[in-house]
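To keep things clear, I will list the structure first and then write my remarks on it.
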Amino acid sequence: MKGRGSIALLLIAAAILLRPWDRGGSAGAEASRHLGGRVVRAVDGDTLEVALDGGATETVRLIGVDTPETVKPDTPVQCFGPRASAFEHRAVEGRRVRLLTGVEPRDFYGRLLAYVWVEGRPRGRFLEAELLRRGLARTLTFHPNDRFAPRFEEIEQKAARAGKGLWNAC
């Protein structure tokens, strides 16, 4: 009897650990946090320094996108990188932003991982979507931070078909 109980517990634990994650449902929503702040500076096309409401300043890495490199050590400036970086400077520096942190809130470098909305207009501008729409970034998906991955892939495909930005130049 002792063996069956252990096996049952093991099976239950495995089922819990191996269950598929909800892509935008309750699991992701519970672990994510909403934060507000003001962009101090755009480091490059996909990284910002944000002074959060409450005083802390965080380096924020945008979730789901990757822009061509401009400031990465030991990496040459990549095609369309300066344009992506210039757009980021114009679009966000000094502006209020709303952040939605990822299910996994930090990357290997300690940066806060977040989706970013630039305040303004009636609902604000979803920064990652805007970068993809303009052809300034490619999608970059890492589970479990994949809440908007299908939407981002659709926007990227549309920009690529239209030859926008890096899809026409690189």
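Ordering of the structure tokens sets the chain letters (A, B, ...), residue numbers begin anew at 1 in every chain, and ligands are numbered from 1 in the order given.
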Secondary structure check, alpha helix (DSSP H) residues of range 15-135 of chain A, as an MDAnalysis selection string: chainID A and resid 15:18 26:31 81:92 127:133
Could you save those same residues with C-alpha atoms as a PDB file, in the first residue's frame?
ATOM      1  CA  ALA A  15       0.850  16.621 -13.455  1.00  0.00           C
ATOM      2  CA  ILE A  16       1.059  19.931 -11.613  1.00  0.00           C
ATOM      3  CA  LEU A  17       4.624  20.671 -12.708  1.00  0.00           C
ATOM      4  CA  LEU A  18       4.149  19.638 -16.321  1.00  0.00           C
ATOM      5  CA  SER A  26      -4.762  33.723 -14.923  1.00  0.00           C
ATOM      6  CA  ALA A  27      -1.282  32.235 -14.390  1.00  0.00           C
ATOM      7  CA  GLY A  28       0.432  35.047 -16.269  1.00  0.00           C
ATOM      8  CA  ALA A  29      -1.824  37.754 -14.916  1.00  0.00           C
ATOM      9  CA  GLU A  30      -1.241  36.775 -11.289  1.00  0.00           C
ATOM     10  CA  ALA A  31       2.545  36.850 -11.606  1.00  0.00           C
ATOM     11  CA  GLY A  81      19.920  49.654 -35.384  1.00  0.00           C
ATOM     12  CA  PRO A  82      20.531  53.424 -35.390  1.00  0.00           C
ATOM     13  CA  ARG A  83      17.027  54.048 -36.780  1.00  0.00           C
ATOM     14  CA  ALA A  84      15.380  51.822 -34.169  1.00  0.00           C
ATOM     15  CA  SER A  85      17.361  53.527 -31.424  1.00  0.00           C
ATOM     16  CA  ALA A  86      16.553  57.023 -32.753  1.00  0.00           C
ATOM     17  CA  PHE A  87      12.844  56.163 -32.859  1.00  0.00           C
ATOM     18  CA  GLU A  88      12.998  54.927 -29.273  1.00  0.00           C
ATOM     19  CA  HIS A  89      14.669  58.162 -28.101  1.00  0.00           C
ATOM     20  CA  ARG A  90      12.013  60.319 -29.817  1.00  0.00           C
ATOM     21  CA  ALA A  91       9.048  58.172 -28.815  1.00  0.00           C
ATOM     22  CA  VAL A  92       9.716  57.632 -25.115  1.00  0.00           C
ATOM     23  CA  LEU A 127       5.594  50.268 -27.734  1.00  0.00           C
ATOM     24  CA  GLU A 128       6.510  46.721 -28.758  1.00  0.00           C
ATOM     25  CA  ALA A 129       3.673  46.635 -31.305  1.00  0.00           C
ATOM     26  CA  GLU A 130       4.735  50.025 -32.682  1.00  0.00           C
ATOM     27  CA  LEU A 131       8.343  48.886 -33.163  1.00  0.00           C
ATOM     28  CA  LEU A 132       7.170  45.791 -35.031  1.00  0.00           C
ATOM     29  CA  ARG A 133       4.626  47.732 -37.107  1.00  0.00           C
TER      30      ARG A 133
END
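For range 59-67 of chain A, the set of protein, DNA and RNA residues having any atom at most 6 Å away, when counting only C-alpha atoms and skipping those fewer than 2 positions along the same chain, is Gly45, Asp46, Thr47, Leu48, Glu49, Arg111, Leu112, Leu113, Ala114, Tyr115, Ala137, Arg138, Thr139, Leu140 and Thr141 of chain A.
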Exercise: Arg125 in chain A partners within 10 Å, only C-alpha atoms, chain neighbours under 5 positions left out, as a PyMOL selection string: chain A and resi 91+97-98+116-120+130
The selected residues should be written to file as a CSV table (one decimal), in the first residue's frame (atoms: C-alpha atoms).
chain,number,residue,atom,x,y,z
A,91,ALA,CA,9.0,58.2,-28.8
A,97,VAL,CA,4.9,54.9,-19.4
A,98,ARG,CA,2.8,52.0,-18.0
A,116,VAL,CA,5.5,49.0,-22.3
A,117,TRP,CA,2.7,51.4,-23.1
A,118,VAL,CA,3.6,55.1,-23.7
A,119,GLU,CA,0.9,57.3,-22.1
A,120,GLY,CA,-1.0,59.6,-24.3
A,130,GLU,CA,4.7,50.0,-32.7
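When only C-alpha atoms are used to compute distances to Asp146 in chain A, the closest of the residues A:Val77, A:Leu52, A:Val103, A:Val43 turns out to be A:Val103.
Reported to one decimal place, the separation of CA of Leu136 in chain A from CA of Lys72 in chain A is 16.9 Å.
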I want to know what sits within 9 Å of Lys164 in chain A, based on only C-alpha atoms, with residues of the same chain fewer than 4 positions away left out; could you give that as a PDB file with N, CA and C atoms, in the first residue's frame?
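Result written to part-v8.pdb:
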ATOM      1  N   ARG A 133       5.431  47.149 -36.025  1.00  0.00           N
ATOM      2  CA  ARG A 133       4.626  47.732 -37.107  1.00  0.00           C
ATOM      3  C   ARG A 133       5.492  48.560 -38.051  1.00  0.00           C
ATOM      4  N   ARG A 134       6.456  49.274 -37.505  1.00  0.00           N
ATOM      5  CA  ARG A 134       7.322  50.141 -38.308  1.00  0.00           C
ATOM      6  C   ARG A 134       8.520  49.394 -38.908  1.00  0.00           C
ATOM      7  N   GLY A 135       8.654  48.100 -38.594  1.00  0.00           N
ATOM      8  CA  GLY A 135       9.784  47.335 -39.106  1.00  0.00           C
ATOM      9  C   GLY A 135      11.089  47.692 -38.415  1.00  0.00           C
ATOM     10  N   LEU A 136      11.005  48.115 -37.152  1.00  0.00           N
ATOM     11  CA  LEU A 136      12.201  48.487 -36.383  1.00  0.00           C
ATOM     12  C   LEU A 136      12.673  47.361 -35.472  1.00  0.00           C
ATOM     13  N   LYS A 158       3.053  41.182 -41.161  1.00  0.00           N
ATOM     14  CA  LYS A 158       2.445  42.257 -41.957  1.00  0.00           C
ATOM     15  C   LYS A 158       3.516  43.277 -42.384  1.00  0.00           C
ATOM     16  N   ALA A 159       4.380  43.656 -41.441  1.00  0.00           N
ATOM     17  CA  ALA A 159       5.452  44.614 -41.747  1.00  0.00           C
ATOM     18  C   ALA A 159       6.434  44.030 -42.756  1.00  0.00           C
ATOM     19  N   ALA A 160       6.759  42.744 -42.606  1.00  0.00           N
ATOM     20  CA  ALA A 160       7.691  42.088 -43.529  1.00  0.00           C
ATOM     21  C   ALA A 160       7.097  42.039 -44.939  1.00  0.00           C
ATOM     22  N   ASN A 168      13.003  45.942 -45.539  1.00  0.00           N
ATOM     23  CA  ASN A 168      13.345  46.465 -46.863  1.00  0.00           C
ATOM     24  C   ASN A 168      14.841  46.790 -46.951  1.00  0.00           C
ATOM     25  N   ALA A 169      15.451  47.132 -45.839  1.00  0.00           N
ATOM     26  CA  ALA A 169      16.826  47.631 -45.856  1.00  0.00           C
ATOM     27  C   ALA A 169      17.888  46.581 -45.538  1.00  0.00           C
TER      28      ALA A 169
END
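When only C-alpha atoms are used to compute distances to Glu104 in chain A, the closest of the residues A:Pro150, A:Pro144, A:Gly165, A:Gly124 turns out to be A:Pro144.
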All strand (DSSP E) residues (DSSP, backbone) inside chain A, as a PyMOL selection string: chain A and resi 34-44+47-52+57-62+64-66+96-106+112-118+125-126+138-140
Just-selected residues, C-alpha atoms written as an mmCIF file, in the first residue's frame:
data_model
loop_
_atom_site.group_PDB
_atom_site.id
_atom_site.type_symbol
_atom_site.label_atom_id
_atom_site.label_comp_id
_atom_site.auth_asym_id
_atom_site.auth_seq_id
_atom_site.Cartn_x
_atom_site.Cartn_y
_atom_site.Cartn_z
ATOM 1 C CA HIS A 34 1.460 46.880 -13.338
ATOM 2 C CA LEU A 35 3.920 49.723 -12.738
ATOM 3 C CA GLY A 36 4.081 53.346 -13.785
ATOM 4 C CA GLY A 37 6.977 55.693 -14.300
ATOM 5 C CA ARG A 38 8.820 58.109 -16.557
ATOM 6 C CA VAL A 39 11.476 57.146 -19.095
ATOM 7 C CA VAL A 40 14.816 58.651 -18.102
ATOM 8 C CA ARG A 41 16.501 57.512 -21.313
ATOM 9 C CA ALA A 42 16.336 55.006 -24.118
ATOM 10 C CA VAL A 43 19.478 52.883 -23.918
ATOM 11 C CA ASP A 44 18.803 51.436 -27.373
ATOM 12 C CA THR A 47 16.033 48.783 -23.478
ATOM 13 C CA LEU A 48 14.954 51.749 -21.359
ATOM 14 C CA GLU A 49 15.849 53.338 -18.048
ATOM 15 C CA VAL A 50 12.627 54.113 -16.190
ATOM 16 C CA ALA A 51 12.194 56.117 -12.989
ATOM 17 C CA LEU A 52 9.350 54.195 -11.386
ATOM 18 C CA THR A 57 15.081 53.556 -11.350
ATOM 19 C CA GLU A 58 15.054 50.317 -13.333
ATOM 20 C CA THR A 59 16.637 49.175 -16.557
ATOM 21 C CA VAL A 60 13.697 47.741 -18.505
ATOM 22 C CA ARG A 61 14.057 45.246 -21.354
ATOM 23 C CA LEU A 62 11.030 45.182 -23.665
ATOM 24 C CA GLY A 64 8.802 40.017 -27.155
ATOM 25 C CA VAL A 65 10.922 42.149 -29.486
ATOM 26 C CA ASP A 66 14.540 42.496 -30.492
ATOM 27 C CA ARG A 96 5.198 58.565 -18.829
ATOM 28 C CA VAL A 97 4.874 54.853 -19.372
ATOM 29 C CA ARG A 98 2.841 51.994 -17.996
ATOM 30 C CA LEU A 99 4.638 48.693 -17.571
ATOM 31 C CA LEU A 100 3.290 45.172 -17.327
ATOM 32 C CA THR A 101 6.049 42.958 -15.996
ATOM 33 C CA GLY A 102 6.557 39.493 -17.344
ATOM 34 C CA VAL A 103 5.641 36.257 -15.614
ATOM 35 C CA GLU A 104 9.409 35.911 -15.339
ATOM 36 C CA PRO A 105 10.156 39.464 -14.158
ATOM 37 C CA ARG A 106 13.946 39.636 -14.684
ATOM 38 C CA LEU A 112 13.136 44.227 -15.466
ATOM 39 C CA LEU A 113 11.221 42.491 -18.266
ATOM 40 C CA ALA A 114 8.074 44.382 -19.224
ATOM 41 C CA TYR A 115 5.559 45.250 -21.890
ATOM 42 C CA VAL A 116 5.495 49.033 -22.298
ATOM 43 C CA TRP A 117 2.679 51.444 -23.085
ATOM 44 C CA VAL A 118 3.605 55.071 -23.721
ATOM 45 C CA ARG A 125 0.698 53.382 -27.547
ATOM 46 C CA PHE A 126 1.866 49.782 -27.131
ATOM 47 C CA ARG A 138 11.797 41.421 -34.934
ATOM 48 C CA THR A 139 9.843 39.189 -32.598
ATOM 49 C CA LEU A 140 11.788 37.431 -29.854
#
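CA of Ile155 in chain A to CA of Trp167 in chain A spans 12.6 Å [interatomic distance, one decimal].
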